[in-house]
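Reproduced below: final36.cif, with mmCIF, N, CA and C atoms and all ligand atoms.
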```cif
data_run
#
loop_
_atom_site.label_atom_id
_atom_site.label_comp_id
_atom_site.auth_asym_id
_atom_site.auth_seq_id
_atom_site.Cartn_x
_atom_site.Cartn_y
_atom_site.Cartn_z
N MET A 163 127.46 196.55 149.96
CA MET A 163 127.57 195.26 150.67
C MET A 163 127.53 195.49 152.18
N GLU A 164 126.90 194.55 152.87
CA GLU A 164 126.76 194.66 154.32
C GLU A 164 127.23 193.33 154.94
N ARG A 165 127.66 193.41 156.19
CA ARG A 165 128.06 192.19 156.91
C ARG A 165 127.16 191.98 158.11
N THR A 166 126.88 190.72 158.40
CA THR A 166 126.15 190.38 159.62
C THR A 166 126.85 189.24 160.33
N PHE A 167 126.47 189.05 161.57
CA PHE A 167 127.06 187.99 162.37
C PHE A 167 126.02 186.88 162.57
N ALA A 168 126.44 185.64 162.41
CA ALA A 168 125.52 184.50 162.50
C ALA A 168 126.14 183.39 163.33
N ILE A 169 125.27 182.62 164.00
CA ILE A 169 125.73 181.42 164.73
C ILE A 169 124.86 180.23 164.32
N ILE A 170 125.51 179.10 164.08
CA ILE A 170 124.81 177.82 164.08
C ILE A 170 124.92 177.33 165.52
N LYS A 171 123.78 177.39 166.24
CA LYS A 171 123.79 177.18 167.70
C LYS A 171 124.05 175.71 168.07
N PRO A 172 124.37 175.45 169.35
CA PRO A 172 124.73 174.09 169.77
C PRO A 172 123.69 173.01 169.44
N ASP A 173 122.41 173.36 169.46
CA ASP A 173 121.38 172.34 169.15
C ASP A 173 121.53 171.87 167.70
N ALA A 174 121.64 172.83 166.78
CA ALA A 174 121.72 172.48 165.35
C ALA A 174 123.05 171.81 165.04
N PHE A 175 124.12 172.26 165.69
CA PHE A 175 125.43 171.64 165.44
C PHE A 175 125.42 170.19 165.92
N ALA A 176 124.90 169.97 167.15
CA ALA A 176 124.88 168.61 167.72
C ALA A 176 124.00 167.67 166.90
N ALA A 177 122.95 168.22 166.31
CA ALA A 177 122.03 167.39 165.51
C ALA A 177 122.57 167.10 164.12
N GLY A 178 123.74 167.66 163.78
CA GLY A 178 124.35 167.39 162.48
C GLY A 178 123.78 168.23 161.35
N HIS A 179 123.21 169.41 161.68
CA HIS A 179 122.58 170.24 160.64
C HIS A 179 123.50 171.32 160.08
N ALA A 180 124.74 171.40 160.56
CA ALA A 180 125.61 172.51 160.13
C ALA A 180 125.82 172.50 158.61
N GLY A 181 126.01 171.33 158.03
CA GLY A 181 126.25 171.24 156.59
C GLY A 181 125.06 171.74 155.78
N LYS A 182 123.85 171.33 156.21
CA LYS A 182 122.64 171.75 155.48
C LYS A 182 122.43 173.26 155.61
N ILE A 183 122.73 173.80 156.80
CA ILE A 183 122.55 175.25 157.00
C ILE A 183 123.57 176.01 156.15
N LEU A 184 124.80 175.53 156.09
CA LEU A 184 125.81 176.19 155.24
C LEU A 184 125.42 176.12 153.77
N GLU A 185 124.84 175.01 153.35
CA GLU A 185 124.37 174.90 151.96
C GLU A 185 123.34 175.97 151.65
N ARG A 186 122.41 176.19 152.60
CA ARG A 186 121.40 177.24 152.40
C ARG A 186 122.05 178.62 152.33
N ILE A 187 123.04 178.84 153.20
CA ILE A 187 123.73 180.14 153.23
C ILE A 187 124.35 180.43 151.86
N TYR A 188 125.05 179.44 151.30
CA TYR A 188 125.67 179.65 149.99
C TYR A 188 124.61 179.76 148.90
N ALA A 189 123.57 178.92 148.97
CA ALA A 189 122.53 178.93 147.94
C ALA A 189 121.80 180.27 147.89
N GLU A 190 121.68 180.93 149.05
CA GLU A 190 120.99 182.23 149.09
C GLU A 190 121.90 183.38 148.68
N GLY A 191 123.16 183.08 148.39
CA GLY A 191 124.05 184.10 147.84
C GLY A 191 124.89 184.87 148.84
N PHE A 192 124.97 184.38 150.07
CA PHE A 192 125.88 185.02 151.03
C PHE A 192 127.31 184.61 150.72
N LYS A 193 128.23 185.54 151.01
CA LYS A 193 129.65 185.20 151.02
C LYS A 193 130.04 184.97 152.48
N VAL A 194 130.68 183.86 152.78
CA VAL A 194 131.12 183.57 154.15
C VAL A 194 132.51 184.17 154.33
N VAL A 195 132.59 185.33 154.97
CA VAL A 195 133.89 186.02 155.09
C VAL A 195 134.64 185.64 156.37
N GLY A 196 133.95 184.97 157.30
CA GLY A 196 134.60 184.47 158.51
C GLY A 196 133.83 183.25 159.00
N LEU A 197 134.55 182.26 159.52
CA LEU A 197 133.88 181.06 160.04
C LEU A 197 134.80 180.33 161.00
N LYS A 198 134.29 179.99 162.18
CA LYS A 198 135.06 179.10 163.06
C LYS A 198 134.14 178.35 164.00
N LYS A 199 134.66 177.20 164.45
CA LYS A 199 133.94 176.37 165.42
C LYS A 199 134.47 176.74 166.80
N LEU A 200 133.55 176.99 167.73
CA LEU A 200 133.91 177.37 169.10
C LEU A 200 133.06 176.60 170.09
N PHE A 201 133.59 176.43 171.29
CA PHE A 201 132.81 175.89 172.40
C PHE A 201 132.83 176.99 173.45
N LEU A 202 131.76 177.79 173.53
CA LEU A 202 131.74 178.95 174.41
C LEU A 202 131.71 178.54 175.87
N SER A 203 132.43 179.30 176.69
CA SER A 203 132.28 179.16 178.13
C SER A 203 131.01 179.89 178.54
N LYS A 204 130.56 179.62 179.75
CA LYS A 204 129.39 180.33 180.28
C LYS A 204 129.65 181.85 180.28
N ALA A 205 130.83 182.26 180.70
CA ALA A 205 131.16 183.69 180.76
C ALA A 205 131.18 184.32 179.36
N GLU A 206 131.68 183.58 178.37
CA GLU A 206 131.70 184.11 177.00
C GLU A 206 130.28 184.25 176.45
N ALA A 207 129.42 183.28 176.78
CA ALA A 207 128.01 183.37 176.34
C ALA A 207 127.32 184.55 177.04
N GLU A 208 127.62 184.75 178.31
CA GLU A 208 127.02 185.89 179.04
C GLU A 208 127.47 187.22 178.45
N GLY A 209 128.72 187.32 178.07
CA GLY A 209 129.22 188.56 177.46
C GLY A 209 128.55 188.83 176.13
N PHE A 210 128.38 187.78 175.35
CA PHE A 210 127.75 187.93 174.04
C PHE A 210 126.30 188.39 174.17
N TYR A 211 125.57 187.81 175.12
CA TYR A 211 124.14 188.12 175.29
C TYR A 211 123.89 189.12 176.41
N TYR A 212 124.89 189.97 176.69
CA TYR A 212 124.78 190.91 177.81
C TYR A 212 123.52 191.80 177.74
N VAL A 213 123.07 192.14 176.52
CA VAL A 213 121.86 192.98 176.40
C VAL A 213 120.63 192.30 177.01
N HIS A 214 120.68 190.98 177.12
CA HIS A 214 119.53 190.23 177.66
C HIS A 214 119.71 189.88 179.13
N LYS A 215 120.69 190.49 179.81
CA LYS A 215 121.05 190.04 181.17
C LYS A 215 119.91 190.13 182.18
N ASP A 216 118.95 191.03 181.95
CA ASP A 216 117.84 191.17 182.90
C ASP A 216 116.60 190.36 182.50
N ARG A 217 116.68 189.64 181.40
CA ARG A 217 115.53 188.82 180.96
C ARG A 217 115.45 187.54 181.80
N PRO A 218 114.24 187.05 182.00
CA PRO A 218 114.08 185.84 182.84
C PRO A 218 114.76 184.60 182.24
N PHE A 219 114.96 184.61 180.92
CA PHE A 219 115.54 183.42 180.28
C PHE A 219 117.06 183.49 180.13
N PHE A 220 117.70 184.53 180.73
CA PHE A 220 119.15 184.74 180.52
C PHE A 220 119.99 183.53 180.96
N GLY A 221 119.65 182.94 182.13
CA GLY A 221 120.41 181.80 182.64
C GLY A 221 120.28 180.59 181.72
N GLU A 222 119.05 180.33 181.33
CA GLU A 222 118.75 179.21 180.43
C GLU A 222 119.45 179.40 179.07
N LEU A 223 119.38 180.62 178.56
CA LEU A 223 119.98 180.95 177.27
C LEU A 223 121.50 180.76 177.28
N THR A 224 122.15 181.24 178.33
CA THR A 224 123.61 181.16 178.37
C THR A 224 124.09 179.75 178.73
N ASP A 225 123.28 179.00 179.48
CA ASP A 225 123.59 177.57 179.69
C ASP A 225 123.55 176.83 178.35
N PHE A 226 122.49 177.08 177.59
CA PHE A 226 122.34 176.42 176.29
C PHE A 226 123.49 176.78 175.35
N MET A 227 123.82 178.07 175.28
CA MET A 227 124.86 178.49 174.32
C MET A 227 126.25 177.98 174.71
N SER A 228 126.41 177.58 175.97
CA SER A 228 127.70 177.03 176.41
C SER A 228 127.61 175.52 176.64
N SER A 229 126.60 174.88 176.01
CA SER A 229 126.38 173.44 176.24
C SER A 229 127.10 172.56 175.23
N GLY A 230 127.67 173.14 174.19
CA GLY A 230 128.34 172.33 173.18
C GLY A 230 128.91 173.24 172.10
N PRO A 231 129.62 172.66 171.13
CA PRO A 231 130.23 173.46 170.08
C PRO A 231 129.18 174.17 169.22
N CYS A 232 129.58 175.30 168.68
CA CYS A 232 128.74 176.03 167.72
C CYS A 232 129.65 176.52 166.60
N ILE A 233 129.04 177.08 165.56
CA ILE A 233 129.81 177.68 164.48
C ILE A 233 129.45 179.15 164.40
N VAL A 234 130.45 180.01 164.52
CA VAL A 234 130.23 181.45 164.40
C VAL A 234 130.72 181.91 163.03
N MET A 235 129.96 182.83 162.44
CA MET A 235 130.25 183.24 161.06
C MET A 235 130.02 184.72 160.85
N VAL A 236 130.72 185.27 159.90
CA VAL A 236 130.40 186.59 159.37
C VAL A 236 129.96 186.40 157.93
N LEU A 237 128.75 186.86 157.64
CA LEU A 237 128.15 186.69 156.31
C LEU A 237 128.05 188.04 155.62
N GLU A 238 128.36 188.06 154.34
CA GLU A 238 128.32 189.31 153.57
C GLU A 238 127.35 189.17 152.40
N ALA A 239 126.54 190.19 152.21
CA ALA A 239 125.58 190.24 151.10
C ALA A 239 125.00 191.64 151.07
N GLU A 240 124.24 191.94 150.03
CA GLU A 240 123.46 193.17 150.06
C GLU A 240 122.37 193.00 151.11
N ASN A 241 122.19 193.99 151.98
CA ASN A 241 121.21 193.90 153.08
C ASN A 241 121.35 192.61 153.89
N ALA A 242 122.59 192.25 154.20
CA ALA A 242 122.87 190.97 154.86
C ALA A 242 122.10 190.80 156.18
N ILE A 243 121.95 191.87 156.94
CA ILE A 243 121.32 191.74 158.26
C ILE A 243 119.87 191.28 158.11
N LYS A 244 119.11 191.97 157.28
CA LYS A 244 117.70 191.61 157.08
C LYS A 244 117.60 190.29 156.31
N LYS A 245 118.45 190.11 155.32
CA LYS A 245 118.42 188.89 154.50
C LYS A 245 118.62 187.64 155.37
N TRP A 246 119.57 187.73 156.31
CA TRP A 246 119.84 186.57 157.19
C TRP A 246 118.70 186.39 158.20
N ARG A 247 118.15 187.48 158.75
CA ARG A 247 117.02 187.35 159.68
C ARG A 247 115.82 186.74 158.96
N ASP A 248 115.62 187.12 157.70
CA ASP A 248 114.51 186.55 156.93
C ASP A 248 114.72 185.05 156.70
N LEU A 249 115.94 184.66 156.41
CA LEU A 249 116.23 183.24 156.17
C LEU A 249 116.09 182.43 157.47
N MET A 250 116.44 183.03 158.61
CA MET A 250 116.29 182.33 159.90
C MET A 250 114.83 182.14 160.27
N GLY A 251 114.01 183.17 160.09
CA GLY A 251 112.61 183.12 160.51
C GLY A 251 112.44 183.62 161.94
N ALA A 252 111.21 183.56 162.44
CA ALA A 252 110.86 184.10 163.75
C ALA A 252 111.63 183.38 164.86
N THR A 253 111.80 184.10 165.99
CA THR A 253 112.53 183.55 167.14
C THR A 253 111.97 182.21 167.58
N ASN A 254 110.64 182.13 167.64
CA ASN A 254 109.98 180.88 168.03
C ASN A 254 109.77 180.00 166.79
N PRO A 255 110.43 178.86 166.72
CA PRO A 255 110.30 178.00 165.52
C PRO A 255 108.84 177.66 165.17
N ALA A 256 107.99 177.59 166.20
CA ALA A 256 106.57 177.28 165.95
C ALA A 256 105.89 178.41 165.18
N GLU A 257 106.46 179.61 165.24
CA GLU A 257 105.87 180.76 164.53
C GLU A 257 106.65 181.12 163.27
N ALA A 258 107.75 180.43 163.02
CA ALA A 258 108.60 180.75 161.87
C ALA A 258 107.95 180.22 160.59
N ALA A 259 108.12 180.99 159.51
CA ALA A 259 107.48 180.64 158.24
C ALA A 259 108.10 179.37 157.64
N GLU A 260 107.30 178.68 156.86
CA GLU A 260 107.73 177.52 156.09
C GLU A 260 108.98 177.89 155.28
N GLY A 261 109.96 177.01 155.27
CA GLY A 261 111.16 177.26 154.47
C GLY A 261 112.26 178.00 155.20
N THR A 262 111.97 178.50 156.41
CA THR A 262 113.02 179.19 157.17
C THR A 262 113.83 178.18 157.98
N LEU A 263 115.03 178.60 158.36
CA LEU A 263 115.94 177.69 159.08
C LEU A 263 115.40 177.32 160.46
N ARG A 264 114.82 178.30 161.15
CA ARG A 264 114.32 177.99 162.49
C ARG A 264 113.10 177.06 162.41
N ARG A 265 112.28 177.22 161.39
CA ARG A 265 111.15 176.31 161.22
C ARG A 265 111.66 174.89 160.98
N GLU A 266 112.69 174.78 160.14
CA GLU A 266 113.19 173.45 159.75
C GLU A 266 114.05 172.81 160.85
N PHE A 267 114.89 173.62 161.52
CA PHE A 267 115.88 173.02 162.41
C PHE A 267 115.70 173.37 163.88
N GLY A 268 114.88 174.36 164.21
CA GLY A 268 114.69 174.74 165.60
C GLY A 268 113.72 173.80 166.30
N THR A 269 113.86 173.69 167.63
CA THR A 269 112.96 172.79 168.35
C THR A 269 112.12 173.52 169.40
N SER A 270 112.58 174.69 169.86
CA SER A 270 111.82 175.47 170.85
C SER A 270 112.27 176.92 170.78
N ILE A 271 111.57 177.80 171.51
CA ILE A 271 111.96 179.22 171.46
C ILE A 271 113.39 179.42 171.96
N GLY A 272 113.81 178.58 172.89
CA GLY A 272 115.18 178.69 173.40
C GLY A 272 116.19 178.03 172.48
N GLU A 273 115.85 176.86 171.98
CA GLU A 273 116.78 176.09 171.14
C GLU A 273 116.31 176.24 169.69
N ASN A 274 116.72 177.36 169.10
CA ASN A 274 116.16 177.74 167.80
C ASN A 274 117.19 177.78 166.67
N ALA A 275 118.22 176.98 166.82
CA ALA A 275 119.15 176.61 165.72
C ALA A 275 120.12 177.68 165.24
N THR A 276 119.68 178.92 165.17
CA THR A 276 120.55 179.95 164.59
C THR A 276 120.41 181.28 165.32
N HIS A 277 121.44 182.10 165.18
CA HIS A 277 121.42 183.49 165.67
C HIS A 277 121.73 184.42 164.51
N GLY A 278 121.18 185.62 164.56
CA GLY A 278 121.54 186.65 163.59
C GLY A 278 121.44 188.03 164.22
N SER A 279 122.37 188.91 163.89
CA SER A 279 122.34 190.29 164.38
C SER A 279 121.05 190.96 163.93
N ASP A 280 120.60 191.94 164.76
CA ASP A 280 119.32 192.58 164.42
C ASP A 280 119.46 194.02 163.92
N ALA A 281 120.67 194.57 163.89
CA ALA A 281 120.87 195.95 163.44
C ALA A 281 122.36 196.17 163.15
N PRO A 282 122.71 197.23 162.40
CA PRO A 282 124.12 197.48 162.09
C PRO A 282 125.00 197.60 163.33
N GLU A 283 124.50 198.26 164.39
CA GLU A 283 125.33 198.44 165.59
C GLU A 283 125.56 197.10 166.29
N THR A 284 124.53 196.26 166.37
CA THR A 284 124.72 194.96 167.02
C THR A 284 125.61 194.06 166.16
N ALA A 285 125.49 194.17 164.84
CA ALA A 285 126.35 193.37 163.96
C ALA A 285 127.82 193.75 164.20
N ALA A 286 128.09 195.04 164.31
CA ALA A 286 129.48 195.49 164.53
C ALA A 286 130.01 194.97 165.86
N PHE A 287 129.19 195.06 166.92
CA PHE A 287 129.61 194.55 168.23
C PHE A 287 129.85 193.03 168.17
N GLU A 288 128.90 192.32 167.59
CA GLU A 288 128.96 190.85 167.60
C GLU A 288 130.12 190.32 166.74
N ILE A 289 130.36 190.97 165.59
CA ILE A 289 131.49 190.55 164.74
C ILE A 289 132.80 190.75 165.51
N SER A 290 132.94 191.90 166.15
CA SER A 290 134.21 192.19 166.84
C SER A 290 134.36 191.37 168.12
N TYR A 291 133.24 190.86 168.65
CA TYR A 291 133.32 190.00 169.85
C TYR A 291 134.03 188.68 169.51
N PHE A 292 133.85 188.21 168.30
CA PHE A 292 134.38 186.89 167.93
C PHE A 292 135.51 186.90 166.90
N PHE A 293 135.63 187.96 166.11
CA PHE A 293 136.61 187.95 165.02
C PHE A 293 137.51 189.18 165.06
N SER A 294 138.78 188.97 164.73
CA SER A 294 139.68 190.09 164.49
C SER A 294 139.61 190.43 163.00
N GLY A 295 140.01 191.62 162.64
CA GLY A 295 139.97 192.04 161.24
C GLY A 295 140.73 191.09 160.32
N MET A 296 141.85 190.54 160.82
CA MET A 296 142.68 189.64 160.00
C MET A 296 141.97 188.35 159.64
N GLU A 297 140.92 187.99 160.41
CA GLU A 297 140.21 186.72 160.16
C GLU A 297 139.10 186.86 159.14
N LEU A 298 138.84 188.08 158.70
CA LEU A 298 137.72 188.32 157.77
C LEU A 298 138.27 188.47 156.36
N LEU A 299 138.01 187.45 155.54
CA LEU A 299 138.63 187.38 154.22
C LEU A 299 137.57 187.37 153.13
P1 LIG A 301 116.46 186.54 168.27
O1 LIG A 301 117.46 185.43 168.48
O2 LIG A 301 115.40 186.17 167.29
O3 LIG A 301 117.12 187.86 167.95
P2 LIG A 301 116.03 187.61 170.95
O4 LIG A 301 117.18 188.53 170.67
O5 LIG A 301 114.75 188.22 171.43
O6 LIG A 301 115.68 186.72 169.66
O7 LIG A 301 116.45 186.53 172.04
C1 LIG A 301 117.75 185.95 171.99
C2 LIG A 301 117.61 184.47 172.22
O8 LIG A 301 117.11 184.24 173.53
C3 LIG A 301 116.63 183.74 171.29
O9 LIG A 301 117.20 183.39 170.07
C4 LIG A 301 116.26 182.55 172.12
C5 LIG A 301 116.26 183.09 173.54
N1 LIG A 301 114.91 183.48 173.94
C6 LIG A 301 114.21 184.57 173.53
N2 LIG A 301 113.01 184.62 174.09
C7 LIG A 301 112.93 183.54 174.92
C8 LIG A 301 111.93 183.02 175.79
N3 LIG A 301 110.75 183.64 175.95
N4 LIG A 301 112.21 181.87 176.46
C9 LIG A 301 113.40 181.24 176.33
N5 LIG A 301 114.38 181.68 175.51
C10 LIG A 301 114.15 182.81 174.82
MG MG A 302 118.31 189.09 169.07
#
```
Written form, C-alpha cells:
Amino acid sequence: MERTFAIIKPDAFAAGHAGKILERIYAEGFKVVGLKKLFLSKAEAEGFYYVHKDRPFFGELTDFMSSGPCIVMVLEAENAIKKWRDLMGATNPAEAAEGTLRREFGTSIGENATHGSDAPETAAFEISYFFSGMELL
C-alpha cells in the first residue's frame, strides 16, 4: 500500500465539485486516510509550492491557492501516487484525457481542480506539510 497527497483546489471547491470528486475517489478504490478543509494563507501556499518558486507562474499559482477554501487529503491505495495522477489527468485540462478529473472540472492550466504528488519523496513532504501522524487514520 502507498499513500499520496491530494488537494481539491479552490476553483473546484468554490464550484461545488468536492462531493463529485470524493465520489470518484471512493469509486476508484482509494481509502481516504486524512481529510480536512483549509483556507491557505499566501505564505502557506508559497511554502507548499516552494519547488516552483523560480517559475514565472509562481505568484499567480500561490494567489490562486490562497484565494478560497480547499480540501487537503491523504489517499491510500496500491500505487496511489500514479493511480491518483492518472485519475487527475494532464496538468492542462485542455490536454487531459476524457474521464479525468482535470478534464471534467478544470478550467485552465492554472485553475485545474486538483493536485497530486508526483513521487514518493514529494508525497512524504506534502503529507507532513499538512498532516500530523495522529490525523492519519
Ligand atoms: P502538476 O500540478 O500537474 O504536478 P506542476 O507541478 O508542473 O503540475 O505545476 C504545479 C501547478 O502550477 C499546476 O497544477 C498549475 C500551475 N501551473 C503549471 N504550469 C503552469 C503554467 N504554464 N501557467 C500557469 N500555471 C501553471
Ligand atoms: Mg506537480
Within 6 Å of (127.3, 178.9, 166.7) in the file's own coordinates, which protein, DNA or RNA residues have an atom, counting only C-alpha atoms? List them as a compact mmCIF listing (two decimals) with N, CA and C atoms, keeping the file's coordinate frame.
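Generated output (result17.txt):
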```
# COMPACT_ATOMS: atom_id res chain seq x y z
N ILE A 169 125.27 182.62 164.00
CA ILE A 169 125.73 181.42 164.73
C ILE A 169 124.86 180.23 164.32
N ILE A 170 125.51 179.10 164.08
CA ILE A 170 124.81 177.82 164.08
C ILE A 170 124.92 177.33 165.52
N LYS A 171 123.78 177.39 166.24
CA LYS A 171 123.79 177.18 167.70
C LYS A 171 124.05 175.71 168.07
N CYS A 232 129.58 175.30 168.68
CA CYS A 232 128.74 176.03 167.72
C CYS A 232 129.65 176.52 166.60
N ILE A 233 129.04 177.08 165.56
CA ILE A 233 129.81 177.68 164.48
C ILE A 233 129.45 179.15 164.40
N VAL A 234 130.45 180.01 164.52
CA VAL A 234 130.23 181.45 164.40
C VAL A 234 130.72 181.91 163.03
```
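Here the helix (DSSP H, G or I) residues in range 234-267 of chain A, by DSSP on the backbone, are Ala242, Ile243, Lys244, Lys245, Trp246, Arg247, Asp248, Leu249, Met250, Pro255, Ala256, Glu257, Leu263, Arg264, Arg265, Glu266 and Phe267 of chain A.
Using only N, CA and C atoms and all ligand atoms for every distance, the candidate list A:Gly181, A:Gly278, A:Gly251, A:Gly261 yields A:Gly278 as the residue closest to ligand MG 302 (chain A).
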Contacts of chain A with ligand LIG 301 (chain A) up to 8 Å, shortest pair per row, all atoms listed in the file, as a tab-separated table:
```
residue	atom	partner	partner_atom	distance
A:Tyr211	CA	A:LIG301	C1	7.5
A:His214	CA	A:LIG301	C1	7.3
A:Pro218	C	A:LIG301	N4	6.9
A:Phe219	CA	A:LIG301	C9	5.0
A:Phe220	N	A:LIG301	N5	6.8
A:Glu222	C	A:LIG301	N5	6.6
A:Leu223	CA	A:LIG301	C5	5.7
A:Thr224	N	A:LIG301	O8	7.6
A:Arg247	CA	A:LIG301	O2	7.9
A:Gly251	C	A:LIG301	O2	6.6
A:Ala252	C	A:LIG301	O2	5.3
A:Thr253	CA	A:LIG301	O2	3.9
A:Asn254	N	A:LIG301	O2	6.3
A:Ser270	C	A:LIG301	C4	7.0
A:Ile271	C	A:LIG301	C4	4.2
A:Gly272	CA	A:LIG301	N5	3.7
A:Glu273	N	A:LIG301	C4	5.7
A:Asn274	N	A:LIG301	C4	6.0
A:Ala275	N	A:LIG301	O9	7.3
A:Thr276	C	A:LIG301	O1	6.0
A:His277	CA	A:LIG301	O1	5.2
A:Gly278	N	A:LIG301	O1	5.4
A:Ser279	C	A:LIG301	O3	6.4
A:Asp280	N	A:LIG301	O3	6.2
```
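CA of Ala242 in chain A is positioned 13.9 Å from CA of Ala189 in chain A.
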Counting only C-alpha atoms, what is within 7 Å of Asp225 in chain A, bar same-chain residues fewer than 4 positions away, as number ranges by chain? A: 204, 221, 229
Enumerate the residues of range 185-251 of chain A with a DSSP assignment of strand (DSSP E or B), computed from the backbone, and present them as a PyMOL selection string. chain A and resi 193-200+232-239
Between CA of Leu237 in chain A and CA of Thr166 in chain A - distance in Å to one decimal: 5.3 Å
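Using only C-alpha atoms and all ligand atoms, the shortest contact distance between ligand MG 302 (chain A) and any of A:Glu238, A:Glu257, A:Glu297, A:Glu288 is found at A:Glu288.
If all atoms listed in the file are the atoms counted, then among A:Met163, A:Ala174, A:Ala168, A:Met235 the closest residue to Gly268 in chain A is A:Ala174.
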Any idea what's packed within 5 Å of Pro172 in chain A, counting all atoms listed in the file, ignoring anything in its chain fewer than 3 positions away? Could you give it as a PyMOL selection string? chain A and resi 175-176+230-232
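The space between CA of Phe167 in chain A and CA of Val236 in chain A spans 4.7 Å.
Using only C-alpha atoms, the residues found no farther than 9 Å from Leu249 in chain A, other than those of its own chain fewer than 4 positions away, are Arg186, Ile187, Glu190, Lys244, Lys245, Gly261, Thr262, Leu263 and Arg264 of chain A.
Compared by their closest atoms to ligand MG 302 (chain A), and using only C-alpha atoms and all ligand atoms, the residues A:Ile183, A:Ala205, A:Val213, A:Val194 rank with A:Val213 nearest.
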